[in-house]
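Structure below is target.pdb: PDB, C-alpha atoms.
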ATOM      1  CA  MET A 253      41.061  36.075  80.138
ATOM      2  CA  PRO A 254      41.192  38.899  77.583
ATOM      3  CA  ALA A 255      38.384  41.408  77.764
ATOM      4  CA  LEU A 256      35.914  41.912  74.971
ATOM      5  CA  PRO A 257      36.442  45.085  72.900
ATOM      6  CA  LYS A 258      34.514  48.077  74.204
ATOM      7  CA  THR A 259      33.744  49.215  70.668
ATOM      8  CA  MET A 260      31.515  46.158  70.042
ATOM      9  CA  PRO A 261      27.979  47.373  69.159
ATOM     10  CA  ALA A 262      25.436  46.878  71.852
ATOM     11  CA  ARG A 263      23.092  45.115  69.416
ATOM     12  CA  CYS A 264      25.652  42.343  68.884
ATOM     13  CA  ARG A 265      25.965  39.542  71.318
ATOM     14  CA  ARG A 266      28.975  37.302  71.483
ATOM     15  CA  TYR A 267      29.199  33.986  73.206
ATOM     16  CA  VAL A 268      32.718  33.008  73.982
ATOM     17  CA  TRP A 269      33.912  29.676  75.281
ATOM     18  CA  PHE A 270      37.389  29.099  76.510
ATOM     19  CA  CYS A 271      39.304  25.889  77.018
ATOM     20  CA  ARG A 272      42.735  25.364  78.443
ATOM     21  CA  LEU A 273      45.217  23.491  76.239
ATOM     22  CA  GLU A 274      48.579  22.452  77.741
ATOM     23  CA  GLY A 275      48.900  25.408  80.093
ATOM     24  CA  GLY A 276      47.650  28.045  77.660
ATOM     25  CA  VAL A 277      44.310  29.613  76.928
ATOM     26  CA  ALA A 278      42.779  29.143  73.517
ATOM     27  CA  TRP A 279      39.629  30.236  71.894
ATOM     28  CA  GLY A 280      37.303  27.297  71.652
ATOM     29  CA  LYS A 281      34.497  28.598  69.526
ATOM     30  CA  ILE A 282      33.013  31.990  68.880
ATOM     31  CA  GLY A 283      29.416  32.169  67.811
ATOM     32  CA  LEU A 284      28.093  35.348  66.452
ATOM     33  CA  MET A 285      24.405  35.961  66.641
ATOM     34  CA  ALA A 286      23.463  39.386  65.432
ATOM     35  CA  SER A 287      21.076  41.168  63.241
ATOM     36  CA  LYS A 288      23.045  43.451  61.032
ATOM     37  CA  THR A 289      21.438  45.801  58.698
ATOM     38  CA  LYS A 290      22.811  47.391  55.641
ATOM     39  CA  HIS A 291      20.954  50.161  53.890
ATOM     40  CA  GLY A 292      17.876  49.198  55.836
ATOM     41  CA  GLN A 293      17.980  45.534  54.657
ATOM     42  CA  GLN A 294      18.585  42.522  56.879
ATOM     43  CA  ALA A 295      21.986  40.951  56.219
ATOM     44  CA  ASP A 296      22.482  37.210  55.564
ATOM     45  CA  PRO A 297      23.199  35.255  58.744
ATOM     46  CA  PRO A 298      26.720  33.894  59.117
ATOM     47  CA  VAL A 299      27.341  30.343  57.879
ATOM     48  CA  ALA A 300      27.925  27.997  60.782
ATOM     49  CA  ASP A 301      30.478  25.204  60.723
ATOM     50  CA  PRO A 302      29.082  21.733  59.862
ATOM     51  CA  SER A 303      27.819  19.982  62.962
ATOM     52  CA  PRO A 304      28.540  16.285  63.718
ATOM     53  CA  ILE A 305      24.939  15.429  62.823
ATOM     54  CA  ALA A 306      25.228  17.105  59.426
ATOM     55  CA  GLU A 307      28.465  15.226  58.753
ATOM     56  CA  LEU A 308      26.795  11.922  59.684
ATOM     57  CA  GLU A 309      23.915  12.715  57.359
ATOM     58  CA  LEU A 310      26.358  13.318  54.504
ATOM     59  CA  ARG A 311      28.085  10.016  55.221
ATOM     60  CA  LEU A 312      24.723   8.241  55.352
ATOM     61  CA  GLU A 313      23.723   9.674  51.966
ATOM     62  CA  GLU A 314      27.044   8.544  50.477
ATOM     63  CA  ALA A 315      26.601   5.054  51.953
ATOM     64  CA  ILE A 316      23.086   4.850  50.487
ATOM     65  CA  ARG A 317      24.391   5.847  47.050
ATOM     66  CA  GLU A 318      27.140   3.209  47.259
ATOM     67  CA  ARG A 319      24.599   0.598  48.371
ATOM     68  CA  ASP A 320      22.273   1.411  45.466
ATOM     69  CA  ALA A 321      25.172   1.265  43.006
ATOM     70  CA  ALA A 322      26.288  -2.110  44.380
ATOM     71  CA  LYS A 323      22.703  -3.411  44.208
ATOM     72  CA  ASP A 324      22.361  -2.328  40.576
ATOM     73  CA  GLN A 325      25.656  -3.994  39.710
ATOM     74  CA  ALA A 326      24.580  -7.209  41.438
ATOM     75  CA  LEU A 327      21.274  -7.236  39.550
ATOM     76  CA  ARG A 328      23.053  -6.711  36.233
ATOM     77  CA  THR A 329      25.509  -9.511  37.038
ATOM     78  CA  LEU A 330      22.646 -11.856  37.968
ATOM     79  CA  ALA A 331      20.813 -11.042  34.745
ATOM     80  CA  ASP A 332      23.963 -11.700  32.705
ATOM     81  CA  PHE A 333      24.472 -15.049  34.459
ATOM     82  CA  GLN A 334      20.867 -16.101  33.851
ATOM     83  CA  ASN A 335      21.200 -15.182  30.173
ATOM     84  CA  PHE A 336      24.432 -17.192  30.015
ATOM     85  CA  LYS A 337      22.715 -20.268  31.520
ATOM     86  CA  LYS A 338      19.834 -19.875  29.093
ATOM     87  CA  ARG A 339      22.202 -19.697  26.133
ATOM     88  CA  GLN A 340      24.071 -22.773  27.399
ATOM     89  CA  SER A 341      20.831 -24.731  27.706
ATOM     90  CA  GLN A 342      19.810 -23.725  24.196
ATOM     91  CA  ASP A 343      23.251 -24.673  22.859
ATOM     92  CA  ARG A 344      23.009 -28.131  24.482
ATOM     93  CA  ILE A 345      19.564 -28.700  23.010
ATOM     94  CA  GLN A 346      20.778 -27.596  19.578
ATOM     95  CA  ALA A 347      23.900 -29.776  19.809
ATOM     96  CA  ARG A 348      21.793 -32.793  20.706
ATOM     97  CA  ALA A 349      19.407 -32.123  17.830
ATOM     98  CA  ASP A 350      22.360 -31.777  15.447
ATOM     99  CA  GLY A 351      23.792 -35.086  16.686
ATOM    100  CA  ILE A 352      20.487 -36.895  16.193
ATOM    101  CA  GLU A 353      20.139 -35.387  12.748
ATOM    102  CA  GLU A 354      23.628 -36.524  11.769
ATOM    103  CA  PHE A 355      22.975 -40.060  13.022
ATOM    104  CA  LEU A 356      19.667 -40.277  11.145
ATOM    105  CA  LEU A 357      21.368 -39.171   7.953
ATOM    106  CA  HIS A 358      23.723 -42.151   8.341
ATOM    107  CA  LEU A 359      20.822 -44.531   9.048
ATOM    108  CA  MET A 360      18.594 -43.498   6.171
ATOM    109  CA  PRO A 361      20.607 -45.408   3.514
ATOM    110  CA  VAL A 362      20.399 -48.498   5.752
ATOM    111  CA  LEU A 363      16.622 -48.139   5.940
ATOM    112  CA  ASP A 364      16.486 -47.787   2.161
ATOM    113  CA  ASN A 365      18.386 -51.066   1.765
ATOM    114  CA  PHE A 366      16.068 -52.816   4.236
ATOM    115  CA  GLU A 367      13.100 -51.787   2.139
ATOM    116  CA  ARG A 368      14.810 -53.101  -0.996
ATOM    117  CA  ALA A 369      15.678 -56.366   0.794
ATOM    118  CA  ILE A 370      12.077 -56.908   1.878
ATOM    119  CA  ALA A 371      10.860 -56.330  -1.672
ATOM    120  CA  ALA A 372      13.496 -58.761  -2.987
ATOM    121  CA  VAL A 373      12.585 -61.491  -0.473
ATOM    122  CA  GLU A 374       9.032 -61.599  -1.776
ATOM    123  CA  GLN A 375      10.319 -62.529  -5.244
ATOM    124  CA  ALA A 376      13.591 -64.292  -4.408
ATOM    125  CA  SER A 377      14.030 -68.033  -4.767
ATOM    126  CA  ASP A 378      17.647 -68.173  -3.573
ATOM    127  CA  VAL A 379      17.784 -68.076   0.235
ATOM    128  CA  LYS A 380      21.552 -67.623   0.260
ATOM    129  CA  ALA A 381      21.255 -64.476  -1.811
ATOM    130  CA  VAL A 382      18.705 -63.073   0.645
ATOM    131  CA  VAL A 383      20.931 -63.865   3.625
ATOM    132  CA  GLY A 384      23.874 -62.260   1.860
ATOM    133  CA  GLY A 385      21.859 -59.106   1.219
ATOM    134  CA  ILE A 386      20.755 -58.890   4.856
ATOM    135  CA  SER A 387      24.336 -59.415   6.047
ATOM    136  CA  LEU A 388      25.431 -56.568   3.814
ATOM    137  CA  ILE A 389      22.798 -54.305   5.366
ATOM    138  CA  GLN A 390      24.000 -55.292   8.845
ATOM    139  CA  ARG A 391      27.560 -54.302   7.979
ATOM    140  CA  GLN A 392      26.296 -51.030   6.544
ATOM    141  CA  PHE A 393      24.394 -50.351   9.778
ATOM    142  CA  GLU A 394      27.494 -51.068  11.895
ATOM    143  CA  ALA A 395      29.548 -48.726   9.711
ATOM    144  CA  ALA A 396      26.947 -45.993  10.191
ATOM    145  CA  MET A 397      27.188 -46.398  13.971
ATOM    146  CA  ASP A 398      30.971 -46.365  13.838
ATOM    147  CA  GLN A 399      30.900 -43.019  11.999
ATOM    148  CA  VAL A 400      29.118 -41.384  14.942
ATOM    149  CA  GLY A 401      31.378 -42.985  17.583
ATOM    150  CA  ILE A 402      29.255 -46.037  18.511
ATOM    151  CA  LYS A 403      31.386 -49.178  18.825
ATOM    152  CA  PRO A 404      30.567 -52.736  19.969
ATOM    153  CA  ILE A 405      32.005 -54.129  23.206
ATOM    154  CA  GLU A 406      34.078 -57.299  22.910
ATOM    155  CA  ALA A 407      32.756 -59.999  25.177
ATOM    156  CA  VAL A 408      33.183 -63.684  24.190
ATOM    157  CA  GLY A 409      36.509 -65.085  25.427
ATOM    158  CA  LYS A 410      37.208 -62.017  27.570
ATOM    159  CA  GLN A 411      37.426 -61.887  31.334
ATOM    160  CA  PHE A 412      34.178 -60.696  32.865
ATOM    161  CA  ASP A 413      34.287 -56.931  33.460
ATOM    162  CA  PRO A 414      31.405 -55.473  35.507
ATOM    163  CA  ASN A 415      32.038 -52.094  33.883
ATOM    164  CA  THR A 416      31.195 -53.369  30.395
ATOM    165  CA  HIS A 417      29.472 -56.734  30.942
ATOM    166  CA  GLU A 418      26.245 -57.792  32.640
ATOM    167  CA  ALA A 419      26.102 -61.452  33.704
ATOM    168  CA  LEU A 420      22.671 -62.963  33.050
ATOM    169  CA  LEU A 421      23.704 -66.621  33.250
ATOM    170  CA  VAL A 422      26.446 -68.513  35.088
ATOM    171  CA  THR A 423      27.673 -71.937  33.982
ATOM    172  CA  GLU A 424      29.793 -74.243  36.136
ATOM    173  CA  THR A 425      32.569 -75.714  34.013
ATOM    174  CA  GLU A 426      36.137 -76.950  34.215
ATOM    175  CA  ASP A 427      36.810 -76.291  30.544
ATOM    176  CA  TYR A 428      37.152 -72.535  30.935
ATOM    177  CA  PRO A 429      38.716 -70.280  33.540
ATOM    178  CA  PRO A 430      36.341 -68.835  36.140
ATOM    179  CA  GLU A 431      34.623 -65.568  35.151
ATOM    180  CA  GLN A 432      35.422 -65.974  31.473
ATOM    181  CA  VAL A 433      32.631 -64.851  29.138
ATOM    182  CA  LEU A 434      31.278 -67.926  27.365
ATOM    183  CA  GLU A 435      28.436 -66.437  25.351
ATOM    184  CA  GLU A 436      27.129 -63.050  24.326
ATOM    185  CA  LEU A 437      23.351 -62.903  24.750
ATOM    186  CA  SER A 438      23.062 -59.321  23.525
ATOM    187  CA  ARG A 439      25.810 -57.024  22.302
ATOM    188  CA  GLY A 440      26.869 -53.961  24.262
ATOM    189  CA  TYR A 441      28.009 -50.644  22.852
ATOM    190  CA  THR A 442      30.039 -47.592  23.795
ATOM    191  CA  LEU A 443      29.597 -44.026  22.558
ATOM    192  CA  ASN A 444      32.914 -42.181  22.351
ATOM    193  CA  GLY A 445      34.326 -44.470  25.044
ATOM    194  CA  LYS A 446      31.285 -44.284  27.366
ATOM    195  CA  VAL A 447      29.250 -47.439  27.923
ATOM    196  CA  ILE A 448      25.696 -46.812  26.729
ATOM    197  CA  ARG A 449      24.660 -50.480  27.054
ATOM    198  CA  PRO A 450      26.668 -53.311  28.636
ATOM    199  CA  SER A 451      27.001 -56.675  26.939
ATOM    200  CA  ARG A 452      24.642 -59.251  28.433
ATOM    201  CA  VAL A 453      26.620 -62.437  28.777
ATOM    202  CA  ARG A 454      26.929 -65.985  30.154
ATOM    203  CA  VAL A 455      29.928 -66.424  32.444
ATOM    204  CA  ALA A 456      31.968 -69.480  33.478
ATOM    205  CA  LYS A 457      32.156 -70.536  37.113
ATOM    206  CA  ALA A 458      34.336 -73.087  38.855
ATOM    207  CA  PRO A 459      32.411 -76.264  39.748
ATOM    208  CA  THR A 460      31.179 -76.531  43.303
ATOM    209  CA  THR A 461      33.056 -79.178  45.287
ATOM    210  CA  PRO A 462      30.568 -81.659  46.761
ATOM    211  CA  GLU A 463      30.670 -82.010  50.523
ATOM    212  CA  SER A 464      31.646 -85.472  51.733
ATOM    213  CA  ASP A 465      29.209 -87.321  54.016
ATOM    214  CA  GLU A 466      30.576 -88.109  57.476
TER     215      GLU A 466
END
In structure tokens, write the structure found in this file.
Amino acid sequence: MPALPKTMPARCRRYVWFCRLEGGVAWGKIGLMASKTKHGQQADPPVADPSPIAELELRLEEAIRERDAAKDQALRTLADFQNFKKRQSQDRIQARADGIEEFLLHLMPVLDNFERAIAAVEQASDVKAVVGGISLIQRQFEAAMDQVGIKPIEAVGKQFDPNTHEALLVTETEDYPPEQVLEELSRGYTLNGKVIRPSRVRVAKAPTTPESDE
């Protein structure tokens, strides 16, 4: 082990640790603790190397900063998503209101003609003319519905379809094939291909064979 220099001031104390590395001797760490004076003033103490605890504290501070940044980003993203959902809801409400407004604009002329027809009936003497006027209003109403995508469902003479028809009555008959629609009790409609009301119908059924008495 090498000896400490004899010229080292007595007021200085050195603590020396040695460790053996692969057959040789190496300095492990030298700590200098001394009070040096210069021109009668106390000198600044030497800066020590960062300890493991100080390094962990630095890493903890960095992790906290990263956590806070991630939290802020998550809050901003959540706020943006909530604003997006709110705008979507408002757009749906506005689109529905616009659709209703458009449909009413198509129906208003029909209502005007109904009012004229009622006034004409009070003074009309020709029943056929009244019926013709009402039929014209009906066609005008159907045209208004067609302009907004509402179309009637065909029923009479068609095979019963549970997706578009609702059977209210069943009639046993040999004159028509089973499950053929015989009568339309109330008309069904679709809106842009989607059934909004099924046709209520009367459907044919094969006659029941009577059981023979034994």
Pull out every residue that the PyMOL selection byres ((chain A and resi 405) around 9) matches in the shown coordinates and put them as number ranges by chain. A: 403-404, 406-407, 416-417, 439-442, 447, 450-451
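Checking A:Ala395, A:Leu327, A:Asn444, A:Ile370 one by one against Val383 of chain A, counting only C-alpha atoms, you find the shortest gap at A:Ile370.
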Out of A:Val422, A:Val382, A:Ile402, A:Leu359, which residue has the shortest atom-to-atom distance to Lys446 of chain A when counting only C-alpha atoms? A:Ile402
Can you spell out as a VMD selection string the set of residues that the PyMOL selection byres ((chain A and resi 427) around 10) selects in the structure I just provided? chain A and resid 424 to 426 428 to 430 456 to 458
Nearest candidate to Gln399 of chain A (options A:Val373, A:Leu443, A:Val433, A:Leu421; using only C-alpha atoms): A:Leu443
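From atom CA of Ile389 of chain A back to atom CA of Leu363 of chain A, the distance works out to 8.7 Å.
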Write out as a compact mmCIF listing (two decimals) with C-alpha atoms, in the frame of the given file each polymer residue whose atoms come within 9 Å of His358 of chain A, counting all atoms listed in the file; drop sequence neighbours fewer than 2 positions from it.
# COMPACT_ATOMS: atom_id res chain seq x y z
CA GLU A 353 20.14 -35.39 12.75
CA GLU A 354 23.63 -36.52 11.77
CA PHE A 355 22.98 -40.06 13.02
CA LEU A 356 19.67 -40.28 11.14
CA MET A 360 18.59 -43.50 6.17
CA PRO A 361 20.61 -45.41 3.51
CA VAL A 362 20.40 -48.50 5.75
CA PHE A 393 24.39 -50.35 9.78
CA ALA A 395 29.55 -48.73 9.71
CA ALA A 396 26.95 -45.99 10.19
CA MET A 397 27.19 -46.40 13.97
CA GLN A 399 30.90 -43.02 12.00
CA VAL A 400 29.12 -41.38 14.94
Name the residues that the PyMOL selection byres ((chain A and resi 418) around 10) pulls out of this structure, and write them as a ChimeraX atom specification. /A:412-417,419-421,436-438,440,449-455
